[in-house]
Structures are given as structure tokens and as C-alpha cells.
$ cat structure-v5.txt   # compact mmCIF, C-alpha atoms
# COMPACT_ATOMS: atom_id res chain seq x y z
CA MET A 1 15.74 -2.92 -8.26
CA LYS A 2 12.83 -4.32 -10.28
CA CYS A 3 9.61 -2.37 -10.63
CA TYR A 4 6.48 -4.53 -10.89
CA LEU A 5 3.36 -2.92 -12.35
CA ILE A 6 -0.10 -4.33 -11.59
CA ASN A 7 -2.39 -3.70 -14.56
CA LEU A 8 -5.72 -5.13 -15.73
CA GLU A 9 -5.77 -6.51 -19.26
CA ARG A 10 -8.71 -4.24 -20.13
CA SER A 11 -6.99 -1.11 -18.78
CA LYS A 12 -4.93 -0.43 -21.90
CA ASP A 13 -5.18 3.37 -21.66
CA ARG A 14 -3.76 3.30 -18.15
CA LEU A 15 -0.95 1.03 -19.27
CA SER A 16 -0.09 3.30 -22.19
CA TRP A 17 0.00 6.37 -19.93
CA PHE A 18 2.06 4.60 -17.25
CA MET A 19 4.62 3.24 -19.70
CA LYS A 20 5.13 6.69 -21.23
CA GLN A 21 5.72 8.13 -17.75
CA SER A 22 8.17 5.32 -17.00
CA ARG A 23 10.10 5.82 -20.24
CA ASP A 24 10.37 9.56 -19.58
CA LEU A 25 11.96 8.78 -16.21
CA CYS A 26 14.05 5.85 -17.55
CA ILE A 27 12.24 3.38 -15.27
CA VAL A 28 12.22 -0.24 -16.44
CA VAL A 29 8.86 -1.82 -15.66
CA GLU A 30 7.73 -5.44 -15.56
CA ARG A 31 3.96 -5.70 -16.06
CA VAL A 32 1.98 -8.22 -14.01
CA ASP A 33 -1.48 -9.12 -15.27
CA ALA A 34 -3.91 -8.10 -12.52
CA VAL A 35 -6.71 -10.36 -11.28
CA ASP A 36 -10.05 -8.93 -12.46
CA GLY A 37 -12.42 -9.15 -9.50
CA CYS A 38 -15.41 -8.61 -11.80
CA ARG A 39 -14.64 -11.90 -13.54
CA LEU A 40 -14.18 -14.07 -10.48
CA GLU A 41 -16.48 -17.05 -10.01
CA ASN A 42 -18.88 -16.95 -7.06
CA ASP A 43 -17.16 -19.86 -5.33
CA GLU A 44 -13.82 -18.02 -5.49
CA ILE A 45 -15.41 -14.88 -4.04
CA GLU A 46 -17.00 -16.93 -1.28
CA ARG A 47 -13.74 -18.74 -0.52
CA VAL A 48 -11.95 -15.43 -0.04
CA THR A 49 -14.63 -13.48 1.83
CA LYS A 50 -15.40 -16.15 4.41
CA THR A 51 -12.09 -15.27 6.09
CA CYS A 52 -12.95 -11.55 6.45
CA SER A 53 -12.52 -9.82 9.79
CA GLY A 54 -15.95 -8.20 9.62
CA LEU A 55 -14.46 -4.73 9.96
CA TYR A 56 -14.75 -3.61 6.34
CA GLN A 57 -17.19 -3.72 3.47
CA VAL A 58 -15.96 -5.87 0.61
CA GLU A 59 -16.12 -5.23 -3.14
CA VAL A 60 -15.23 -7.64 -5.92
CA GLY A 61 -12.74 -5.05 -7.20
CA ALA A 62 -11.00 -5.06 -3.82
CA ILE A 63 -10.83 -8.85 -3.93
CA GLY A 64 -9.16 -8.64 -7.32
CA CYS A 65 -6.69 -6.09 -5.94
CA TYR A 66 -5.90 -8.35 -2.98
CA LEU A 67 -5.28 -11.35 -5.24
CA SER A 68 -3.19 -9.22 -7.63
CA HIS A 69 -0.82 -8.10 -4.88
CA ARG A 70 -0.48 -11.66 -3.61
CA LYS A 71 0.40 -12.65 -7.18
CA VAL A 72 3.22 -10.06 -7.24
CA TRP A 73 4.44 -11.16 -3.80
CA GLU A 74 4.80 -14.69 -5.15
CA ILE A 75 6.92 -13.40 -8.03
CA ILE A 76 9.12 -11.38 -5.66
CA ALA A 77 9.41 -14.29 -3.22
CA ALA A 78 10.88 -16.41 -6.01
CA GLN A 79 13.33 -13.81 -7.33
CA GLU A 80 16.99 -13.41 -6.39
CA ASP A 81 16.89 -9.68 -5.61
CA GLU A 82 16.44 -8.70 -1.99
CA TRP A 83 14.19 -5.71 -2.76
CA ALA A 84 11.51 -4.83 -5.31
CA PHE A 85 9.05 -2.03 -5.95
CA VAL A 86 5.33 -2.72 -6.45
CA CYS A 87 2.99 -0.22 -8.07
CA GLU A 88 -0.49 0.15 -9.53
CA ASP A 89 -1.16 1.73 -12.90
CA ASP A 90 -2.56 5.03 -11.63
CA LEU A 91 0.63 5.96 -9.80
CA ARG A 92 2.48 9.19 -10.52
CA PHE A 93 6.19 9.43 -9.76
CA SER A 94 8.14 12.46 -8.61
CA GLN A 95 11.16 13.39 -10.72
CA ILE A 96 13.44 12.16 -7.95
CA PHE A 97 11.88 8.69 -7.76
CA PRO A 98 14.37 6.86 -10.05
CA SER A 99 17.14 7.54 -7.50
CA PHE A 100 15.27 5.38 -4.99
CA LEU A 101 15.15 2.50 -7.47
CA SER A 102 18.82 2.62 -8.39
CA ASP A 103 20.17 2.02 -4.89
CA THR A 104 19.11 0.30 -1.65
CA LYS A 105 21.60 1.94 0.72
CA TRP A 106 18.95 4.46 1.77
CA ILE A 107 16.69 1.70 3.12
CA PRO A 108 16.92 1.20 6.93
CA SER A 109 18.66 -2.08 7.71
CA ASP A 110 15.68 -3.48 9.66
CA ALA A 111 13.02 -2.40 7.12
CA ASP A 112 10.67 -4.93 5.55
CA ILE A 113 8.38 -2.54 3.67
CA VAL A 114 8.83 1.13 2.77
CA LYS A 115 5.71 3.01 1.78
CA ALA A 116 6.51 5.46 -1.01
CA GLU A 117 3.09 7.06 -1.60
CA THR A 118 0.79 9.30 0.40
CA SER A 119 -2.82 10.43 0.38
CA THR A 120 -1.68 13.96 1.44
CA GLU A 121 -4.88 14.14 3.52
CA LYS A 122 -4.90 11.58 6.31
CA ARG A 123 -2.70 12.25 9.32
CA ILE A 124 -0.47 9.34 10.25
CA GLU A 125 1.92 8.51 13.09
CA ILE A 126 5.63 8.16 12.31
CA ASN A 127 8.80 8.23 14.40
CA TYR A 128 9.83 11.75 15.31
CA LEU A 129 13.44 11.01 14.29
CA PRO A 130 14.17 9.48 10.85
CA ALA A 131 16.15 6.26 10.51
CA THR A 132 17.86 7.55 7.36
CA ILE A 133 17.72 10.56 5.05
CA PHE A 134 18.09 10.29 1.29
CA LYS A 135 17.66 13.00 -1.35
CA SER A 136 16.20 15.32 1.32
CA ARG A 137 13.58 12.70 2.16
CA LYS A 138 13.24 11.34 5.67
CA ILE A 139 12.70 7.60 6.05
CA GLN A 140 10.64 7.25 9.24
CA ARG A 141 9.15 4.26 11.00
CA LEU A 142 5.38 4.02 10.45
CA HIS A 143 3.29 3.26 13.54
CA SER A 144 -0.29 3.86 12.39
CA ALA A 145 -2.53 2.88 9.54
CA HIS A 146 -1.66 4.53 6.24
CA ARG A 147 -3.91 3.06 3.58
CA GLY A 148 -3.11 2.63 -0.08
CA THR A 149 -1.03 0.10 -2.03
CA ALA A 150 -0.31 2.16 -5.16
CA GLY A 151 3.43 2.22 -4.49
CA TYR A 152 5.68 0.46 -1.97
CA PHE A 153 9.13 -1.10 -1.67
CA ILE A 154 9.16 -4.61 -0.25
CA ARG A 155 11.88 -6.99 0.89
CA LYS A 156 11.83 -10.52 -0.51
CA ALA A 157 11.52 -11.99 3.00
CA ALA A 158 8.54 -9.71 3.71
CA ALA A 159 6.81 -10.88 0.54
CA GLN A 160 7.30 -14.49 1.62
CA ARG A 161 5.94 -13.62 5.05
CA LEU A 162 2.87 -11.85 3.68
CA ILE A 163 2.01 -14.81 1.46
CA LYS A 164 1.84 -17.04 4.53
CA LEU A 165 0.04 -14.49 6.73
CA THR A 166 -2.70 -13.83 4.16
CA GLU A 167 -3.19 -17.41 3.02
CA ARG A 168 -6.30 -17.80 5.18
CA LYS A 169 -7.09 -14.17 5.89
CA TYR A 170 -8.86 -11.66 3.65
CA ASP A 171 -9.51 -7.95 4.01
CA PRO A 172 -8.75 -5.04 1.66
CA VAL A 173 -5.04 -5.41 0.90
CA ASP A 174 -4.08 -1.93 2.14
CA GLU A 175 -5.78 -2.64 5.46
CA LEU A 176 -3.97 -5.97 5.75
CA MET A 177 -0.58 -4.46 4.97
CA PHE A 178 -0.76 -1.08 6.69
CA ASN A 179 -3.40 -1.18 9.43
CA PRO A 180 -2.14 -2.44 12.82
CA ILE A 181 -5.70 -3.30 13.89
CA LEU A 182 -5.63 -6.49 11.82
CA GLY A 183 -2.40 -7.81 13.36
CA ILE A 184 -0.45 -8.39 10.14
CA ALA A 185 1.24 -4.99 9.90
CA GLN A 186 3.07 -5.67 13.18
CA GLN A 187 4.77 -8.67 11.56
CA ASN A 188 6.79 -6.31 9.34
CA ASN A 189 8.91 -3.25 10.05
CA ILE A 190 7.23 -0.58 7.93
CA TYR A 191 8.73 2.79 7.04
CA GLN A 192 7.39 5.88 5.29
CA ILE A 193 9.21 8.16 2.85
CA ASN A 194 8.52 11.77 3.87
CA PRO A 195 7.84 13.71 1.66
CA ALA A 196 6.46 10.93 -0.51
CA VAL A 197 7.98 10.18 -3.91
CA CYS A 198 4.79 8.99 -5.62
CA ILE A 199 1.04 9.51 -5.44
CA GLN A 200 -2.13 8.12 -7.00
CA GLY A 201 -3.29 10.07 -10.02
CA ILE A 202 -6.76 10.54 -8.54
CA ARG A 203 -5.19 12.72 -5.83
CA VAL A 204 -3.75 15.27 -8.24
CA ALA A 205 -5.33 18.09 -10.23
CA ASP A 206 -6.25 16.19 -13.39
CA LYS A 207 -7.77 13.32 -11.43
CA GLN A 208 -10.56 12.78 -13.97
CA ASP A 209 -8.06 10.71 -15.96
CA PHE A 210 -7.59 8.31 -13.05
CA LEU A 211 -11.07 7.38 -11.94
CA SER A 212 -11.58 3.78 -10.79
CA ASP A 213 -11.47 1.19 -13.56
CA ILE A 214 -13.96 -0.99 -11.65
CA PRO A 215 -17.29 -0.77 -13.53
CA GLU A 216 -20.12 1.09 -11.81
CA GLY A 217 -22.63 -1.24 -10.21
CA SER A 218 -20.05 -3.91 -9.42
CA PRO A 219 -21.32 -6.08 -6.56
CA ARG A 220 -20.47 -5.23 -2.96
CA ILE A 221 -20.57 -7.69 -0.12
CA ASN A 222 -21.52 -6.19 3.21
CA ASN A 223 -19.36 -8.12 5.67
CA VAL A 224 -19.23 -5.38 8.28
CA THR A 225 -20.55 -6.78 11.58
CA ARG A 226 -21.93 -4.91 14.57
CA LEU A 227 -19.06 -6.20 16.69
CA GLY A 228 -16.64 -4.96 14.03
CA LYS A 229 -18.13 -1.46 14.18
CA ILE A 230 -17.85 -1.37 17.99
CA PHE A 231 -14.26 -2.60 17.82
CA ARG A 232 -13.29 0.13 15.37
CA GLU A 233 -14.83 2.88 17.53
CA VAL A 234 -13.08 1.68 20.69
CA LYS A 235 -9.79 1.40 18.82
CA ARG A 236 -10.20 4.91 17.43
CA LEU A 237 -10.70 6.33 20.94
CA LEU A 238 -7.68 4.51 22.36
CA ASN A 239 -5.53 5.66 19.46
CA ALA A 240 -6.56 9.28 20.04
CA ILE A 241 -5.39 9.04 23.67
CA ARG A 242 -2.17 7.35 22.63
CA ARG A 243 -1.42 9.99 19.98
CA PHE A 244 -1.90 12.78 22.52
CA ILE A 245 0.62 11.21 24.94
CA LEU A 246 3.23 10.51 22.25
CA ARG A 247 2.89 14.02 20.85
CA GLN A 248 3.60 15.51 24.25
CA LEU A 249 6.67 13.31 24.70
CA LYS A 250 7.91 14.04 21.14
CA ILE A 251 8.38 10.34 20.46
CA SER A 252 6.16 10.39 17.38
CA GLU A 253 4.89 13.05 15.06
CA PHE A 254 1.46 13.14 13.45
CA LEU A 255 1.11 14.62 10.01
CA ALA A 256 -0.35 14.25 6.57
CA VAL A 257 2.69 13.29 4.49
CA PRO A 258 3.14 15.71 1.58
CA PHE A 259 4.05 14.81 -1.99
CA GLU A 260 6.80 16.74 -3.75
$ encode --input "structure-v5.txt" --output "C-alpha cells"
Amino acid sequence: MKCYLINLERSKDRLSWFMKQSRDLCIVVERVDAVDGCRLENDEIERVTKTCSGLYQVEVGAIGCYLSHRKVWEIIAAQEDEWAFVCEDDLRFSQIFPSFLSDTKWIPSDADIVKAETSTEKRIEINYLPATIFKSRKIQRLHSAHRGTAGYFIRKAAAQRLIKLTERKYDPVDELMFNPILGIAQQNNIYQINPAVCIQGIRVADKQDFLSDIPEGSPRINNVTRLGKIFREVKRLLNAIRRFILRQLKISEFLAVPFE
């Protein structure tokens, strides 16, 4: 399975660190030049942001991230392989991660995307029973938002689908992919590896080495509307009620996925 790395041209230190990690684990990486949101023209920023939902504040860095992932999806959509792995250059792998790249038999047959990372902090909702188990990791269906796009497996057909679904729709890419509120996540069957097999560097002890590579003072575009704020609060309340019912019935479990 191919591993595609999203990396900004100016982030040479990150690239050097990531490639050393990959060599140590015998992971073959194909670098994809990331879109630098700080260098986008105003008309491009306006073209993208006019399709926002109004639920989230927008930064030029996030726009660059969104466009970078779409760029990788286009590469995957044109490849022959059925599955690929997408990662960002601040991702840390567990020692067991290469096993997940070398085989696809562990992937549930109906899966479109498998999220490999975790924040280790935010509680998420996943199926109580796993679809498969591989290397002592449970592969469980994801039912709630689980933000972050630092590391995920994606099926070719899902990449093709996401390209179409996001052609005229912009929000932060992790919200688009993994937040059911926006309506795109339901178009794919998404699973979570538990415990996770990778994590962003900023979430580990020496996180100083992985601070954002978006320059301080980069412009932000406040697209959050009053209606959007009300919608989020109502949705949060309804989700809390739903989680309580599912927990009692032992249909889903709610946990902060650990990283090992």
C-alpha cells in the first residue's frame, strides 16, 4: 500500500525528521507538495470560502490543508491500488504501524476510510463490537466526529467520492471528512483503529518540535454565523441524549482512543 506524505516546500526540517522515521520503520513514502495557504491569491481564498457552512472559523492555513488533501485524493483516484495511506509531516508512527501498510486483509470489507490516529483526549463514539481485530487492535465503526487528518487509510472509490462531494463545499478538511454534522461523513463507511497506530507529534511529550508551521499572524476569516452557533449547540444537546441511550443499550462505546 502506498503512503502519501503531505509536506510544505518550506518545511524541510519536518520532511527530514519524517523521512528518518520512515526509513527506521522501512516505510516507503511518496511526498506530495502541499498547498501553502499563506501564498494563495485573494480570489482563490474567496472562491473557496464562499461555500463555507458558517459553522467554523476559517484560516488560510486550513484552506491550504483542505486543498492539499484534495490534491492527494486526486492522485489516489487515478492510481491502480484499491487502498492508500495519507499522512501529514508531523505524524508519529507506532512500531507496529508497518504491518498495517503491508496487508489489507485487516480492513473491514465495507470500509471506505479507516482513521489511524487519535487525539487521546476527545471522547468519540464507536461500535461496541469490532468488525475485525488485527495485531491486537480493534477496527470499530466510527459514528461521531473525530477530528484530525494527520493519518488515515482511504479506498480509491472513497477518494473519488470525496473529490465530487467537496467540489463546491469548503470547511476544515477534518470536519468535512469526520464530522457527521456536515453531511459528507455519512457518505463513507468510516472505521477507527483502537488503540491508534499513529499520532500527531504535538500530542506527545516533545511537542515543541511539532508546533504549527503556519506563520503567526496569518489571516483568519470569521465565517461563523449566529445560525451556525445555534445549530452546533442544538446538535451537541441531541448528541448527548443519543450517547446516553446507546451507552445504556451497549450498542456503542464512548472513549478517548489511546495511542500505543
$ residues_around --input "structure-v5.txt" --residues "Leu25 in chain A" --least-positions-apart "4" --cutoff "10 Å" --atoms "all atoms listed in the file" --output "ChimeraX atom specification"
/A:19-21,93-98
$ closest_atom_pairs --input "structure-v5.txt" --of "range 149-199 of chain A" --to "range 45-69 of chain A" --cutoff "7 Å" --atoms "all atoms listed in the file" --output "tab-separated table"
residue	atom	partner	partner_atom	distance
A:Arg168	CA	A:Thr51	CA	6.4
A:Lys169	CA	A:Thr51	CA	5.1
A:Tyr170	CA	A:Cys52	CA	5.0
A:Asp171	CA	A:Cys52	CA	5.5
A:Pro172	CA	A:Ala62	CA	5.9
A:Val173	CA	A:Tyr66	CA	4.9
$ residues_around --input "structure-v5.txt" --residues "Ile163 in chain A" --least-positions-apart "4" --cutoff "9 Å" --atoms "all atoms listed in the file" --output "list in words"
Arg70, Trp73, Glu74, Ala77, Ala158, Ala159 and Glu167 of chain A
$ closest_residue --input "structure-v5.txt" --among "A:Ile241, A:Leu5, A:Ala145, A:Ile199" --to "Leu176 in chain A" --atoms "all atoms listed in the file"
A:Ala145
$ closest_residue --input "structure-v5.txt" --among "A:Asp33, A:Cys198, A:Pro130, A:Glu82" --to "Ala116 in chain A" --atoms "only C-alpha atoms"
A:Cys198
$ residues_around --input "structure-v5.txt" --residues "Pro108 in chain A" --least-positions-apart "3" --cutoff "8 Å" --atoms "only C-alpha atoms" --output "MDAnalysis selection string"
chainID A and resid 105 111 131:132 139
$ closest_atom_pairs --input "structure-v5.txt" --of "range 83-141 of chain A" --to "range 182-190 of chain A" --cutoff "6 Å" --atoms "only C-alpha atoms" --output "Markdown table"
| residue | atom | partner | partner_atom | distance |
| --- | --- | --- | --- | --- |
| A:Ala111 | CA | A:Asn189 | CA | 5.1 |
| A:Asp112 | CA | A:Asn189 | CA | 5.1 |
| A:Ile113 | CA | A:Ile190 | CA | 4.8 |
| A:Val114 | CA | A:Ile190 | CA | 5.7 |
$ write_last_selection --input "structure-v5.txt" --atoms "C-alpha atoms" --output "short mmCIF file (atom, residue, chain, number, x, y, z; two decimals), in the coordinates of the input"
data_model
loop_
_atom_site.label_atom_id
_atom_site.label_comp_id
_atom_site.auth_asym_id
_atom_site.auth_seq_id
_atom_site.Cartn_x
_atom_site.Cartn_y
_atom_site.Cartn_z
CA ALA A 111 13.02 -2.40 7.12
CA ASP A 112 10.67 -4.93 5.55
CA ILE A 113 8.38 -2.54 3.67
CA VAL A 114 8.83 1.13 2.77
#
$ atom_distance --input "structure-v5.txt" --atom1 "CA of Glu30 in chain A" --atom2 "CA of Gln79 in chain A"
13.0 Å
$ atom_distance --input "structure-v5.txt" --atom1 "CA of Phe100 in chain A" --atom2 "CA of Ile154 in chain A"
12.6 Å
$ decode --input "structure-v5.txt" --residues "range 117-132 of chain A" --atoms "all heavy atoms" --output "PDB file, in the first residue's frame"
ATOM      1  N   GLU A 117      -5.196   7.587  13.447  1.00  0.00           N
ATOM      2  CA  GLU A 117      -4.659   8.442  14.516  1.00  0.00           C
ATOM      3  C   GLU A 117      -5.700   8.673  15.613  1.00  0.00           C
ATOM      4  O   GLU A 117      -6.854   8.271  15.505  1.00  0.00           O
ATOM      5  CB  GLU A 117      -4.236   9.796  13.944  1.00  0.00           C
ATOM      6  CG  GLU A 117      -5.423  10.622  13.459  1.00  0.00           C
ATOM      7  CD  GLU A 117      -5.083  12.065  13.139  1.00  0.00           C
ATOM      8  OE1 GLU A 117      -4.334  12.695  13.914  1.00  0.00           O
ATOM      9  OE2 GLU A 117      -5.586  12.550  12.106  1.00  0.00           O
ATOM     10  N   THR A 118      -5.262   9.357  16.655  1.00  0.00           N
ATOM     11  CA  THR A 118      -6.155   9.748  17.738  1.00  0.00           C
ATOM     12  C   THR A 118      -5.626  11.007  18.403  1.00  0.00           C
ATOM     13  O   THR A 118      -4.426  11.289  18.342  1.00  0.00           O
ATOM     14  CB  THR A 118      -6.281   8.643  18.795  1.00  0.00           C
ATOM     15  OG1 THR A 118      -7.134   9.076  19.856  1.00  0.00           O
ATOM     16  CG2 THR A 118      -4.928   8.294  19.388  1.00  0.00           C
ATOM     17  N   SER A 119      -6.523  11.739  19.052  1.00  0.00           N
ATOM     18  CA  SER A 119      -6.092  12.896  19.847  1.00  0.00           C
ATOM     19  C   SER A 119      -5.757  12.475  21.270  1.00  0.00           C
ATOM     20  O   SER A 119      -5.113  13.210  22.007  1.00  0.00           O
ATOM     21  CB  SER A 119      -7.210  13.946  19.882  1.00  0.00           C
ATOM     22  OG  SER A 119      -8.301  13.469  20.650  1.00  0.00           O
ATOM     23  N   THR A 120      -6.220  11.285  21.665  1.00  0.00           N
ATOM     24  CA  THR A 120      -6.096  10.716  23.024  1.00  0.00           C
ATOM     25  C   THR A 120      -6.869  11.514  24.068  1.00  0.00           C
ATOM     26  O   THR A 120      -6.847  11.164  25.250  1.00  0.00           O
ATOM     27  CB  THR A 120      -4.624  10.598  23.500  1.00  0.00           C
ATOM     28  OG1 THR A 120      -4.092  11.908  23.767  1.00  0.00           O
ATOM     29  CG2 THR A 120      -3.780   9.851  22.488  1.00  0.00           C
ATOM     30  N   GLU A 121      -7.573  12.548  23.665  1.00  0.00           N
ATOM     31  CA  GLU A 121      -8.272  13.419  24.614  1.00  0.00           C
ATOM     32  C   GLU A 121      -9.783  13.421  24.411  1.00  0.00           C
ATOM     33  O   GLU A 121     -10.545  13.296  25.360  1.00  0.00           O
ATOM     34  CB  GLU A 121      -7.739  14.843  24.502  1.00  0.00           C
ATOM     35  CG  GLU A 121      -6.254  14.984  24.841  1.00  0.00           C
ATOM     36  CD  GLU A 121      -5.732  16.361  24.539  1.00  0.00           C
ATOM     37  OE1 GLU A 121      -6.501  17.168  23.969  1.00  0.00           O
ATOM     38  OE2 GLU A 121      -4.561  16.643  24.859  1.00  0.00           O
ATOM     39  N   LYS A 122     -10.214  13.598  23.190  1.00  0.00           N
ATOM     40  CA  LYS A 122     -11.636  13.728  22.895  1.00  0.00           C
ATOM     41  C   LYS A 122     -12.321  12.365  22.871  1.00  0.00           C
ATOM     42  O   LYS A 122     -11.862  11.438  22.219  1.00  0.00           O
ATOM     43  CB  LYS A 122     -11.839  14.433  21.554  1.00  0.00           C
ATOM     44  CG  LYS A 122     -11.234  15.827  21.477  1.00  0.00           C
ATOM     45  CD  LYS A 122     -11.945  16.787  22.401  1.00  0.00           C
ATOM     46  CE  LYS A 122     -11.422  18.206  22.214  1.00  0.00           C
ATOM     47  NZ  LYS A 122     -12.085  19.154  23.131  1.00  0.00           N
ATOM     48  N   ARG A 123     -13.434  12.252  23.588  1.00  0.00           N
ATOM     49  CA  ARG A 123     -14.205  11.018  23.576  1.00  0.00           C
ATOM     50  C   ARG A 123     -15.002  10.929  22.272  1.00  0.00           C
ATOM     51  O   ARG A 123     -15.587  11.916  21.827  1.00  0.00           O
ATOM     52  CB  ARG A 123     -15.160  10.976  24.769  1.00  0.00           C
ATOM     53  CG  ARG A 123     -14.442  10.746  26.090  1.00  0.00           C
ATOM     54  CD  ARG A 123     -15.335  11.082  27.268  1.00  0.00           C
ATOM     55  NE  ARG A 123     -16.551  10.298  27.304  1.00  0.00           N
ATOM     56  CZ  ARG A 123     -16.648   9.071  27.836  1.00  0.00           C
ATOM     57  NH1 ARG A 123     -15.596   8.509  28.390  1.00  0.00           N
ATOM     58  NH2 ARG A 123     -17.788   8.421  27.841  1.00  0.00           N
ATOM     59  N   ILE A 124     -14.988   9.750  21.681  1.00  0.00           N
ATOM     60  CA  ILE A 124     -15.710   9.540  20.437  1.00  0.00           C
ATOM     61  C   ILE A 124     -16.650   8.357  20.595  1.00  0.00           C
ATOM     62  O   ILE A 124     -16.573   7.598  21.562  1.00  0.00           O
ATOM     63  CB  ILE A 124     -14.740   9.279  19.261  1.00  0.00           C
ATOM     64  CG1 ILE A 124     -13.961   7.969  19.504  1.00  0.00           C
ATOM     65  CG2 ILE A 124     -13.804  10.445  19.059  1.00  0.00           C
ATOM     66  CD1 ILE A 124     -13.231   7.460  18.279  1.00  0.00           C
ATOM     67  N   GLU A 125     -17.552   8.202  19.623  1.00  0.00           N
ATOM     68  CA  GLU A 125     -18.493   7.076  19.630  1.00  0.00           C
ATOM     69  C   GLU A 125     -18.089   6.080  18.562  1.00  0.00           C
ATOM     70  O   GLU A 125     -17.971   6.426  17.382  1.00  0.00           O
ATOM     71  CB  GLU A 125     -19.913   7.556  19.355  1.00  0.00           C
ATOM     72  CG  GLU A 125     -20.923   6.407  19.294  1.00  0.00           C
ATOM     73  CD  GLU A 125     -22.271   6.831  18.724  1.00  0.00           C
ATOM     74  OE1 GLU A 125     -22.515   8.049  18.601  1.00  0.00           O
ATOM     75  OE2 GLU A 125     -23.059   5.933  18.386  1.00  0.00           O
ATOM     76  N   ILE A 126     -17.881   4.828  18.969  1.00  0.00           N
ATOM     77  CA  ILE A 126     -17.576   3.748  18.031  1.00  0.00           C
ATOM     78  C   ILE A 126     -18.421   2.533  18.382  1.00  0.00           C
ATOM     79  O   ILE A 126     -18.912   2.408  19.497  1.00  0.00           O
ATOM     80  CB  ILE A 126     -16.081   3.369  18.049  1.00  0.00           C
ATOM     81  CG1 ILE A 126     -15.603   3.095  19.480  1.00  0.00           C
ATOM     82  CG2 ILE A 126     -15.238   4.434  17.381  1.00  0.00           C
ATOM     83  CD1 ILE A 126     -14.138   2.753  19.570  1.00  0.00           C
ATOM     84  N   ASN A 127     -18.594   1.639  17.407  1.00  0.00           N
ATOM     85  CA  ASN A 127     -19.343   0.405  17.648  1.00  0.00           C
ATOM     86  C   ASN A 127     -18.772  -0.352  18.842  1.00  0.00           C
ATOM     87  O   ASN A 127     -17.557  -0.457  18.995  1.00  0.00           O
ATOM     88  CB  ASN A 127     -19.285  -0.498  16.414  1.00  0.00           C
ATOM     89  CG  ASN A 127     -20.559  -0.431  15.604  1.00  0.00           C
ATOM     90  OD1 ASN A 127     -21.282   0.554  15.653  1.00  0.00           O
ATOM     91  ND2 ASN A 127     -20.811  -1.482  14.833  1.00  0.00           N
ATOM     92  N   TYR A 128     -19.653  -0.894  19.642  1.00  0.00           N
ATOM     93  CA  TYR A 128     -19.214  -1.642  20.816  1.00  0.00           C
ATOM     94  C   TYR A 128     -18.416  -2.879  20.398  1.00  0.00           C
ATOM     95  O   TYR A 128     -17.392  -3.204  20.995  1.00  0.00           O
ATOM     96  CB  TYR A 128     -20.438  -2.050  21.641  1.00  0.00           C
ATOM     97  CG  TYR A 128     -20.102  -2.630  22.989  1.00  0.00           C
ATOM     98  CD1 TYR A 128     -19.772  -1.799  24.060  1.00  0.00           C
ATOM     99  CD2 TYR A 128     -20.126  -4.001  23.193  1.00  0.00           C
ATOM    100  CE1 TYR A 128     -19.458  -2.324  25.295  1.00  0.00           C
ATOM    101  CE2 TYR A 128     -19.813  -4.539  24.430  1.00  0.00           C
ATOM    102  CZ  TYR A 128     -19.486  -3.697  25.488  1.00  0.00           C
ATOM    103  OH  TYR A 128     -19.167  -4.222  26.710  1.00  0.00           O
ATOM    104  N   LEU A 129     -18.868  -3.550  19.326  1.00  0.00           N
ATOM    105  CA  LEU A 129     -18.183  -4.742  18.830  1.00  0.00           C
ATOM    106  C   LEU A 129     -17.328  -4.380  17.616  1.00  0.00           C
ATOM    107  O   LEU A 129     -17.795  -3.677  16.712  1.00  0.00           O
ATOM    108  CB  LEU A 129     -19.189  -5.823  18.449  1.00  0.00           C
ATOM    109  CG  LEU A 129     -20.048  -6.384  19.589  1.00  0.00           C
ATOM    110  CD1 LEU A 129     -21.068  -7.365  19.032  1.00  0.00           C
ATOM    111  CD2 LEU A 129     -19.166  -7.060  20.643  1.00  0.00           C
ATOM    112  N   PRO A 130     -16.079  -4.841  17.552  1.00  0.00           N
ATOM    113  CA  PRO A 130     -15.222  -4.534  16.401  1.00  0.00           C
ATOM    114  C   PRO A 130     -15.615  -5.345  15.174  1.00  0.00           C
ATOM    115  O   PRO A 130     -16.138  -6.460  15.279  1.00  0.00           O
ATOM    116  CB  PRO A 130     -13.825  -4.940  16.901  1.00  0.00           C
ATOM    117  CG  PRO A 130     -14.087  -6.012  17.911  1.00  0.00           C
ATOM    118  CD  PRO A 130     -15.381  -5.627  18.588  1.00  0.00           C
ATOM    119  N   ALA A 131     -15.364  -4.785  14.004  1.00  0.00           N
ATOM    120  CA  ALA A 131     -15.610  -5.514  12.757  1.00  0.00           C
ATOM    121  C   ALA A 131     -14.499  -6.531  12.512  1.00  0.00           C
ATOM    122  O   ALA A 131     -14.750  -7.640  12.038  1.00  0.00           O
ATOM    123  CB  ALA A 131     -15.700  -4.541  11.590  1.00  0.00           C
ATOM    124  N   THR A 132     -13.260  -6.140  12.822  1.00  0.00           N
ATOM    125  CA  THR A 132     -12.112  -7.037  12.711  1.00  0.00           C
ATOM    126  C   THR A 132     -11.138  -6.709  13.844  1.00  0.00           C
ATOM    127  O   THR A 132     -11.237  -5.652  14.483  1.00  0.00           O
ATOM    128  CB  THR A 132     -11.382  -6.892  11.360  1.00  0.00           C
ATOM    129  OG1 THR A 132     -10.888  -5.546  11.233  1.00  0.00           O
ATOM    130  CG2 THR A 132     -12.293  -7.201  10.195  1.00  0.00           C
TER     131      THR A 132
END
